[in-house]
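The next block holds one structure in the form of structure tokens; read it before the comments.
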Amino acid sequence: MRHELLISAGPGEWRAAWLEGGVAVELHVERGDAPPAGGIHLGRVVRLVAGLDAALVDIGAERPGFLPLRPGAAADLTEGARVVVQIRREAQRGKGALLSTRIAARDGSVDPARLAALAAGNEPPAQLDPTPGFAAALALRLPGVPEGIRADDRRLLRELHDRFPTAEISHRGVEEWPIDLDVQFDAALASTLAVPGGGSLHIEETRAAVLIDVDSGTPETGSPQRAALAVNRAAAQTIARQLRLRQLGGGIIVDFVGLDGRHPRERVRQEMAAALAADPAQPEVLGWTRLGHLEIVRPRRGRPLSEAMLEPHGARKSAAALAFEALRRLYREARAAPAANWRLVAAPAVAAALHGPAWGALHALETRLGRRIAVVARGGGDISPFDIEKL
């Protein structure tokens, strides 16, 4: 099965799809704002938490990372101490990254002597390995090494060649891609989606667990029990795909359409386990609860797609995601009209994000175009998040 990576680059943001056999199975967003699992950092201890046998370590992220300490190890660390750590789990849901002082090389390429030299020559916080960059961060998030990479911007090719030297890398416009990346992202961010053959899924992410409800719809023929089993088996395939696409992890509770008898429920459990078997995260089906829900646990490693794209506890795109989307769209239009001047008229929250988390991307786009981009916050009740105006 061929593994391929598609990358759509916008100012300050890459959106990527990992394809297996021509089908998108993982979606990623890279903005350089969340250090991925596997990265090695020189950090500084900002606080020792004796009650938890842990230290909080500044690695340059928004929140300090959490470093569990082995018994007695706290005596070797003091507040302000330098420490080399590796991210085991990316920061997510308001929690800092989980760190470890045990360095595990993903591909056997980490040289302890090189790390020691890098640590000695830097002041914390500093990223030691890999070298900072979007391609390097994306490589850590992927389940393997792609055989082929298609990027929609020629400027990415050198960085991609450096990071993926064995891959076939080419510049191809999105119109030549086998999938529509925007459609894939929109579908993976939707809270409700259809199940092939009938029925629907509703996915809700909470701090404690991911809740999934299967709805059978209104079958027109056949017995209710047979229809329920058919919908549940089809839903199991869809659930497995969505868990991986959306990067969902932790406890997952599925409320399938009700079934009478142990045998039909066992068939659904087996279908769910088989659908999850190809997932590299190795999720586990724990079984049925007394309330009739199926429990699944999928290890957390990276942040969910929704955390990068949606408002907290909501289904709407975040102001930051919309700001990067506006810059991406403006860049595409500017490539078709390189001599034009541009103005972004945006909702107040999006305009604030363009001068906040997306400011560096806005400035980089202005530098690339050789002209200033006017950003205007619109008033009134206009529901459009942004408009691009050619002056």
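We label chains A, B, ... in the order they appear in the structure tokens, count residues from 1 in each chain, and number ligands from 1 in the order shown.
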Worksheet entry | Residues flagged helix (DSSP H, G or I) by DSSP in stretch 154-295 of chain A, as a VMD selection string | chain A and resid 154 to 163 174 to 176 181 to 189 224 to 245 262 to 276
Write out, as CSV, each residue of stretch 179-227 of chain A that has an atom at most 12 Å from stretch 300-304 of chain A, together with the closest pair of atoms and their distance in Å to one decimal, counting only C-alpha atoms, rows going by chain and rising number.
```
residue,atom,partner,partner_atom,distance
A:Ala188,CA,A:Pro304,CA,10.8
A:Leu189,CA,A:Pro304,CA,10.3
A:Glu205,CA,A:Pro304,CA,9.5
A:Thr206,CA,A:Pro304,CA,11.5
A:Arg207,CA,A:Pro304,CA,11.7
A:Ala209,CA,A:Arg300,CA,11.6
A:Val210,CA,A:Pro304,CA,11.0
```
Item to complete: Rank nothing, just name the residue among A:Ala339, A:Ala234, A:Ala17, A:Leu181 nearest to A:Ser200, using only C-alpha atoms.
Response: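 Answer, going by the shortest atom-to-atom distance: A:Ala234.
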Discussion item. I need the strand (DSSP E or B) residues of stretch 84-241 of chain A per DSSP on the backbone, written as number ranges by chain.
Written reply: A: 84-89, 92, 95, 98-100, 126-129, 148-151, 168-171, 192-194, 200-205, 210-215
Discussion item. Just want the 8 Å neighbourhood of A:Arg44, counted on only C-alpha atoms, with same-chain residues fewer than 6 positions away dropped. Output as a PyMOL selection string.
Written reply: chain A and resi 57-59+79-83+124-125
Worksheet item: Which distance in Å separates atom CA of A:Met1 and atom CA of A:Gly21, to one decimal?
Response: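 Those two atoms sit 5.3 Å apart.
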Discussion item. Could you list, as JSON, numbers by chain, every residue within 10 Å of stretch 92-100 of chain A, counting only C-alpha atoms and ignoring same-chain residues fewer than 5 positions away?
Written reply: {"A": [34, 35, 36, 37, 38, 39, 40, 41, 55, 56, 57, 58, 59, 61, 62, 63, 64, 65, 66, 67, 68, 69, 84, 85, 86, 87, 206, 207, 300, 301, 302, 303, 304, 307, 308, 312]}
Worksheet item: What's the 12 Å shell around A:Arg70, counting only C-alpha atoms, without same-chain residues fewer than 4 positions away, as a ChimeraX atom specification?
Response: /A:50,52-55,74-77,100-102
N, CA and C atoms of the current selection, written as a PDB file, in the first residue's frame:
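Saved to out33.pdb:
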```pdb
ATOM      1  N   ALA A  50       6.192  18.781  44.797  1.00  0.00           N
ATOM      2  CA  ALA A  50       6.545  17.647  45.653  1.00  0.00           C
ATOM      3  C   ALA A  50       5.388  16.665  45.795  1.00  0.00           C
ATOM      4  N   LEU A  52       3.243  15.714  43.758  1.00  0.00           N
ATOM      5  CA  LEU A  52       3.036  14.882  42.571  1.00  0.00           C
ATOM      6  C   LEU A  52       4.323  14.205  42.113  1.00  0.00           C
ATOM      7  N   ASP A  53       5.418  14.395  42.849  1.00  0.00           N
ATOM      8  CA  ASP A  53       6.722  13.877  42.416  1.00  0.00           C
ATOM      9  C   ASP A  53       6.978  14.267  40.971  1.00  0.00           C
ATOM     10  N   ALA A  54       6.891  15.565  40.706  1.00  0.00           N
ATOM     11  CA  ALA A  54       7.023  16.049  39.330  1.00  0.00           C
ATOM     12  C   ALA A  54       7.635  17.439  39.333  1.00  0.00           C
ATOM     13  N   ALA A  55       8.065  17.856  38.150  1.00  0.00           N
ATOM     14  CA  ALA A  55       8.581  19.208  37.953  1.00  0.00           C
ATOM     15  C   ALA A  55       7.871  19.825  36.766  1.00  0.00           C
ATOM     16  N   ALA A  74      14.043  14.094  42.633  1.00  0.00           N
ATOM     17  CA  ALA A  74      13.812  15.512  42.899  1.00  0.00           C
ATOM     18  C   ALA A  74      15.015  16.169  43.548  1.00  0.00           C
ATOM     19  N   ALA A  75      15.794  15.369  44.278  1.00  0.00           N
ATOM     20  CA  ALA A  75      16.972  15.943  44.939  1.00  0.00           C
ATOM     21  C   ALA A  75      18.019  16.392  43.937  1.00  0.00           C
ATOM     22  N   ASP A  76      17.969  15.841  42.714  1.00  0.00           N
ATOM     23  CA  ASP A  76      18.944  16.197  41.695  1.00  0.00           C
ATOM     24  C   ASP A  76      18.536  17.433  40.902  1.00  0.00           C
ATOM     25  N   LEU A  77      17.308  17.889  41.101  1.00  0.00           N
ATOM     26  CA  LEU A  77      16.802  19.048  40.362  1.00  0.00           C
ATOM     27  C   LEU A  77      16.464  20.173  41.330  1.00  0.00           C
ATOM     28  N   SER A 100       9.724  13.574  29.448  1.00  0.00           N
ATOM     29  CA  SER A 100      10.547  12.525  30.037  1.00  0.00           C
ATOM     30  C   SER A 100      12.019  12.879  29.830  1.00  0.00           C
ATOM     31  N   THR A 101      12.862  12.486  30.796  1.00  0.00           N
ATOM     32  CA  THR A 101      14.303  12.684  30.633  1.00  0.00           C
ATOM     33  C   THR A 101      14.953  11.496  29.924  1.00  0.00           C
ATOM     34  N   ARG A 102      14.166  10.456  29.663  1.00  0.00           N
ATOM     35  CA  ARG A 102      14.673   9.301  28.925  1.00  0.00           C
ATOM     36  C   ARG A 102      14.446   9.563  27.438  1.00  0.00           C
TER      37      ARG A 102
END
```
May I have a table of the residues of stretch 120-171 of chain A lying at most 12 Å from stretch 278-281 of chain A, giving each one's closest pair of atoms and their distance in Å to one decimal, counting only C-alpha atoms, ordered by chain and ascending residue number, as a Markdown table?
```
| residue | atom | partner | partner_atom | distance |
| --- | --- | --- | --- | --- |
| A:Arg141 | CA | A:Ala281 | CA | 11.7 |
| A:Leu142 | CA | A:Pro280 | CA | 10.2 |
| A:Pro143 | CA | A:Pro280 | CA | 6.9 |
| A:Gly144 | CA | A:Pro280 | CA | 9.6 |
```
Export, as an mmCIF file, in the first residue's frame, the selected residues with all heavy atoms.
```
data_model
loop_
_atom_site.group_PDB
_atom_site.id
_atom_site.type_symbol
_atom_site.label_atom_id
_atom_site.label_comp_id
_atom_site.auth_asym_id
_atom_site.auth_seq_id
_atom_site.Cartn_x
_atom_site.Cartn_y
_atom_site.Cartn_z
ATOM 1 N N ARG A 141 4.797 13.952 13.581
ATOM 2 C CA ARG A 141 3.380 13.625 13.763
ATOM 3 C C ARG A 141 2.937 12.456 12.878
ATOM 4 O O ARG A 141 1.893 11.848 13.133
ATOM 5 C CB ARG A 141 2.513 14.844 13.434
ATOM 6 C CG ARG A 141 2.807 16.071 14.278
ATOM 7 C CD ARG A 141 1.842 17.203 13.942
ATOM 8 N NE ARG A 141 2.303 18.481 14.448
ATOM 9 C CZ ARG A 141 2.150 18.898 15.698
ATOM 10 N NH1 ARG A 141 1.546 18.120 16.573
ATOM 11 N NH2 ARG A 141 2.605 20.084 16.072
ATOM 12 N N LEU A 142 3.684 12.157 11.837
ATOM 13 C CA LEU A 142 3.259 11.154 10.868
ATOM 14 C C LEU A 142 3.497 9.738 11.386
ATOM 15 O O LEU A 142 4.402 9.493 12.179
ATOM 16 C CB LEU A 142 4.009 11.353 9.549
ATOM 17 C CG LEU A 142 3.792 12.690 8.845
ATOM 18 C CD1 LEU A 142 4.643 12.764 7.576
ATOM 19 C CD2 LEU A 142 2.320 12.901 8.506
ATOM 20 N N PRO A 143 2.708 8.767 10.899
ATOM 21 C CA PRO A 143 2.878 7.379 11.346
ATOM 22 C C PRO A 143 4.041 6.661 10.688
ATOM 23 O O PRO A 143 4.375 5.541 11.061
ATOM 24 C CB PRO A 143 1.553 6.722 10.940
ATOM 25 C CG PRO A 143 1.087 7.511 9.767
ATOM 26 C CD PRO A 143 1.519 8.938 10.034
ATOM 27 N N GLY A 144 4.676 7.286 9.690
ATOM 28 C CA GLY A 144 5.786 6.661 9.003
ATOM 29 C C GLY A 144 6.404 7.632 8.009
ATOM 30 O O GLY A 144 6.143 8.836 8.046
#
```
Worksheet item: Excluding same-chain residues fewer than 3 positions from A:Leu291, what lies within 12 Å of it counting only C-alpha atoms, as a PyMOL selection string?
Response: chain A and resi 253-256+258+287-288+294-295
Let's have the selection written as a PDB file, in the first residue's frame, with all heavy atoms.
```
ATOM      1  N   ILE A 253     -16.593   6.559  24.286  1.00  0.00           N
ATOM      2  CA  ILE A 253     -17.827   5.853  24.630  1.00  0.00           C
ATOM      3  C   ILE A 253     -18.754   5.901  23.420  1.00  0.00           C
ATOM      4  O   ILE A 253     -19.101   6.985  22.941  1.00  0.00           O
ATOM      5  CB  ILE A 253     -18.530   6.488  25.844  1.00  0.00           C
ATOM      6  CG1 ILE A 253     -17.550   6.650  27.015  1.00  0.00           C
ATOM      7  CG2 ILE A 253     -19.742   5.666  26.249  1.00  0.00           C
ATOM      8  CD1 ILE A 253     -17.008   5.354  27.548  1.00  0.00           C
ATOM      9  N   VAL A 254     -19.165   4.728  22.922  1.00  0.00           N
ATOM     10  CA  VAL A 254     -20.025   4.656  21.743  1.00  0.00           C
ATOM     11  C   VAL A 254     -21.389   4.119  22.152  1.00  0.00           C
ATOM     12  O   VAL A 254     -21.490   3.027  22.736  1.00  0.00           O
ATOM     13  CB  VAL A 254     -19.423   3.760  20.655  1.00  0.00           C
ATOM     14  CG1 VAL A 254     -20.300   3.803  19.399  1.00  0.00           C
ATOM     15  CG2 VAL A 254     -18.000   4.185  20.326  1.00  0.00           C
ATOM     16  N   ASP A 255     -22.418   4.886  21.834  1.00  0.00           N
ATOM     17  CA  ASP A 255     -23.800   4.456  22.069  1.00  0.00           C
ATOM     18  C   ASP A 255     -24.362   3.962  20.735  1.00  0.00           C
ATOM     19  O   ASP A 255     -24.899   4.733  19.942  1.00  0.00           O
ATOM     20  CB  ASP A 255     -24.621   5.627  22.616  1.00  0.00           C
ATOM     21  CG  ASP A 255     -26.045   5.216  22.980  1.00  0.00           C
ATOM     22  OD1 ASP A 255     -26.336   4.003  22.961  1.00  0.00           O
ATOM     23  OD2 ASP A 255     -26.871   6.119  23.257  1.00  0.00           O
ATOM     24  N   PHE A 256     -24.194   2.659  20.475  1.00  0.00           N
ATOM     25  CA  PHE A 256     -24.716   2.078  19.244  1.00  0.00           C
ATOM     26  C   PHE A 256     -26.233   1.965  19.325  1.00  0.00           C
ATOM     27  O   PHE A 256     -26.826   2.061  20.415  1.00  0.00           O
ATOM     28  CB  PHE A 256     -24.111   0.692  19.013  1.00  0.00           C
ATOM     29  CG  PHE A 256     -22.709   0.708  18.475  1.00  0.00           C
ATOM     30  CD1 PHE A 256     -21.617   0.448  19.300  1.00  0.00           C
ATOM     31  CD2 PHE A 256     -22.470   0.974  17.138  1.00  0.00           C
ATOM     32  CE1 PHE A 256     -20.323   0.447  18.794  1.00  0.00           C
ATOM     33  CE2 PHE A 256     -21.175   0.980  16.622  1.00  0.00           C
ATOM     34  CZ  PHE A 256     -20.105   0.720  17.461  1.00  0.00           C
ATOM     35  N   GLY A 258     -29.569   0.231  19.822  1.00  0.00           N
ATOM     36  CA  GLY A 258     -29.831  -0.874  20.742  1.00  0.00           C
ATOM     37  C   GLY A 258     -30.059  -2.199  20.050  1.00  0.00           C
ATOM     38  O   GLY A 258     -30.745  -2.288  19.028  1.00  0.00           O
ATOM     39  N   GLY A 287     -14.954  -3.305  25.818  1.00  0.00           N
ATOM     40  CA  GLY A 287     -16.166  -4.109  25.987  1.00  0.00           C
ATOM     41  C   GLY A 287     -17.382  -3.255  26.279  1.00  0.00           C
ATOM     42  O   GLY A 287     -17.336  -2.019  26.255  1.00  0.00           O
ATOM     43  N   TRP A 288     -18.477  -3.946  26.552  1.00  0.00           N
ATOM     44  CA  TRP A 288     -19.760  -3.279  26.785  1.00  0.00           C
ATOM     45  C   TRP A 288     -19.928  -2.923  28.259  1.00  0.00           C
ATOM     46  O   TRP A 288     -19.549  -3.691  29.140  1.00  0.00           O
ATOM     47  CB  TRP A 288     -20.912  -4.194  26.369  1.00  0.00           C
ATOM     48  CG  TRP A 288     -20.942  -4.496  24.904  1.00  0.00           C
ATOM     49  CD1 TRP A 288     -20.393  -5.584  24.275  1.00  0.00           C
ATOM     50  CD2 TRP A 288     -21.527  -3.696  23.879  1.00  0.00           C
ATOM     51  NE1 TRP A 288     -20.598  -5.512  22.931  1.00  0.00           N
ATOM     52  CE2 TRP A 288     -21.300  -4.361  22.643  1.00  0.00           C
ATOM     53  CE3 TRP A 288     -22.215  -2.484  23.861  1.00  0.00           C
ATOM     54  CZ2 TRP A 288     -21.744  -3.868  21.426  1.00  0.00           C
ATOM     55  CZ3 TRP A 288     -22.661  -1.990  22.649  1.00  0.00           C
ATOM     56  CH2 TRP A 288     -22.429  -2.665  21.453  1.00  0.00           C
ATOM     57  N   LEU A 294     -20.369   0.842  24.274  1.00  0.00           N
ATOM     58  CA  LEU A 294     -19.098   0.181  23.993  1.00  0.00           C
ATOM     59  C   LEU A 294     -17.958   1.125  24.349  1.00  0.00           C
ATOM     60  O   LEU A 294     -17.926   2.274  23.903  1.00  0.00           O
ATOM     61  CB  LEU A 294     -19.011  -0.223  22.519  1.00  0.00           C
ATOM     62  CG  LEU A 294     -17.841  -1.157  22.162  1.00  0.00           C
ATOM     63  CD1 LEU A 294     -18.020  -2.512  22.838  1.00  0.00           C
ATOM     64  CD2 LEU A 294     -17.726  -1.330  20.645  1.00  0.00           C
ATOM     65  N   GLU A 295     -17.014   0.632  25.142  1.00  0.00           N
ATOM     66  CA  GLU A 295     -15.873   1.436  25.588  1.00  0.00           C
ATOM     67  C   GLU A 295     -14.641   1.125  24.744  1.00  0.00           C
ATOM     68  O   GLU A 295     -14.321  -0.042  24.505  1.00  0.00           O
ATOM     69  CB  GLU A 295     -15.553   1.154  27.053  1.00  0.00           C
ATOM     70  CG  GLU A 295     -16.544   1.734  28.039  1.00  0.00           C
ATOM     71  CD  GLU A 295     -16.078   1.522  29.463  1.00  0.00           C
ATOM     72  OE1 GLU A 295     -15.778   0.364  29.821  1.00  0.00           O
ATOM     73  OE2 GLU A 295     -15.993   2.501  30.214  1.00  0.00           O
TER      74      GLU A 295
END
```
Worksheet item: What is the atom CA of A:Glu311-atom CA of A:Glu30 distance in Å, reported with one decimal?
Response: 17.2 Å
Practice prompt. Measuring atom to atom with only C-alpha atoms, identify which of A:Asp260, A:Glu271, A:Glu284, A:Glu159 is nearest to A:Gln237.
Written response: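 Of A:Asp260, A:Glu271, A:Glu284, A:Glu159, the one nearest A:Gln237 is A:Glu271, counting only C-alpha atoms.
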Response to the item:
Nearest to A:Pro146, restricted to only C-alpha atoms and choosing among A:Arg158, A:Arg378, A:His3, A:Arg298, comes out as A:His3
Worksheet item: For A:Arg329, which residue out of A:Gly198, A:Pro11, A:Gly51, A:Gly249 is the nearest one, using only C-alpha atoms?
Response: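 That would be A:Pro11, the residue with the smallest distance to A:Arg329.
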Item to complete: Write out as a VMD selection string each polymer residue whose atoms come within 8 Å of stretch 341-346 of chain A, counting only C-alpha atoms; drop sequence neighbours fewer than 5 positions from it.
Response: chain A and resid 326 351 371 to 378 384 to 391
May I have the selected residues written with N, CA, C and O atoms, as an mmCIF file, in the first residue's frame?
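The file below, part07.cif, is the result:
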```cif
data_model
loop_
_atom_site.group_PDB
_atom_site.id
_atom_site.type_symbol
_atom_site.label_atom_id
_atom_site.label_comp_id
_atom_site.auth_asym_id
_atom_site.auth_seq_id
_atom_site.Cartn_x
_atom_site.Cartn_y
_atom_site.Cartn_z
ATOM 1 N N ALA A 326 -7.990 33.069 6.065
ATOM 2 C CA ALA A 326 -8.078 34.307 5.287
ATOM 3 C C ALA A 326 -6.755 34.594 4.584
ATOM 4 O O ALA A 326 -6.733 34.969 3.399
ATOM 5 N N ALA A 351 -10.034 39.822 13.049
ATOM 6 C CA ALA A 351 -9.079 40.922 12.905
ATOM 7 C C ALA A 351 -8.095 40.936 14.076
ATOM 8 O O ALA A 351 -6.894 41.173 13.893
ATOM 9 N N ARG A 371 4.178 44.466 -0.288
ATOM 10 C CA ARG A 371 3.218 45.551 -0.052
ATOM 11 C C ARG A 371 2.439 45.261 1.227
ATOM 12 O O ARG A 371 2.330 44.108 1.663
ATOM 13 N N ARG A 372 1.905 46.308 1.798
ATOM 14 C CA ARG A 372 1.161 46.178 3.039
ATOM 15 C C ARG A 372 -0.260 45.686 2.754
ATOM 16 O O ARG A 372 -0.863 46.037 1.736
ATOM 17 N N ILE A 373 -0.785 44.868 3.653
ATOM 18 C CA ILE A 373 -2.168 44.392 3.564
ATOM 19 C C ILE A 373 -2.974 45.095 4.648
ATOM 20 O O ILE A 373 -2.668 44.984 5.843
ATOM 21 N N ALA A 374 -3.968 45.840 4.233
ATOM 22 C CA ALA A 374 -4.811 46.550 5.194
ATOM 23 C C ALA A 374 -5.772 45.559 5.854
ATOM 24 O O ALA A 374 -6.414 44.756 5.173
ATOM 25 N N VAL A 375 -5.850 45.596 7.174
ATOM 26 C CA VAL A 375 -6.785 44.762 7.927
ATOM 27 C C VAL A 375 -7.787 45.676 8.601
ATOM 28 O O VAL A 375 -7.412 46.556 9.391
ATOM 29 N N VAL A 376 -9.061 45.489 8.281
ATOM 30 C CA VAL A 376 -10.128 46.345 8.804
ATOM 31 C C VAL A 376 -11.130 45.472 9.537
ATOM 32 O O VAL A 376 -11.615 44.473 8.993
ATOM 33 N N ALA A 377 -11.430 45.835 10.786
ATOM 34 C CA ALA A 377 -12.452 45.121 11.555
ATOM 35 C C ALA A 377 -13.815 45.673 11.186
ATOM 36 O O ALA A 377 -14.051 46.867 11.288
ATOM 37 N N ARG A 378 -14.690 44.799 10.731
ATOM 38 C CA ARG A 378 -16.018 45.244 10.335
ATOM 39 C C ARG A 378 -16.939 45.312 11.544
ATOM 40 O O ARG A 378 -16.795 44.576 12.504
ATOM 41 N N SER A 384 -20.374 37.025 7.847
ATOM 42 C CA SER A 384 -19.208 36.495 7.152
ATOM 43 C C SER A 384 -17.957 36.790 7.971
ATOM 44 O O SER A 384 -17.730 37.920 8.387
ATOM 45 N N PRO A 385 -17.105 35.767 8.238
ATOM 46 C CA PRO A 385 -15.934 35.999 9.094
ATOM 47 C C PRO A 385 -14.894 36.908 8.448
ATOM 48 O O PRO A 385 -14.184 37.630 9.151
ATOM 49 N N PHE A 386 -14.783 36.898 7.110
ATOM 50 C CA PHE A 386 -13.839 37.777 6.454
ATOM 51 C C PHE A 386 -14.183 37.899 4.972
ATOM 52 O O PHE A 386 -14.836 37.026 4.401
ATOM 53 N N ASP A 387 -13.749 39.003 4.377
ATOM 54 C CA ASP A 387 -13.853 39.240 2.940
ATOM 55 C C ASP A 387 -12.536 39.773 2.450
ATOM 56 O O ASP A 387 -11.858 40.544 3.151
ATOM 57 N N ILE A 388 -12.149 39.399 1.241
ATOM 58 C CA ILE A 388 -10.906 39.858 0.636
ATOM 59 C C ILE A 388 -11.256 40.830 -0.470
ATOM 60 O O ILE A 388 -12.028 40.520 -1.377
ATOM 61 N N GLU A 389 -10.679 42.020 -0.409
ATOM 62 C CA GLU A 389 -10.970 43.061 -1.383
ATOM 63 C C GLU A 389 -9.699 43.440 -2.141
ATOM 64 O O GLU A 389 -8.672 43.714 -1.515
ATOM 65 N N LYS A 390 -9.791 43.410 -3.454
ATOM 66 C CA LYS A 390 -8.676 43.855 -4.296
ATOM 67 C C LYS A 390 -8.844 45.342 -4.568
ATOM 68 O O LYS A 390 -9.901 45.769 -5.052
ATOM 69 N N LEU A 391 -7.837 46.127 -4.257
ATOM 70 C CA LEU A 391 -7.939 47.589 -4.385
ATOM 71 C C LEU A 391 -7.391 48.058 -5.722
ATOM 72 O O LEU A 391 -6.576 47.407 -6.357
#
```
Fill in: Distance in Å - atom CA of A:Gly379 versus atom CA of A:Ser318
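Between atom CA of A:Gly379 and atom CA of A:Ser318 the gap is 18.6 Å.
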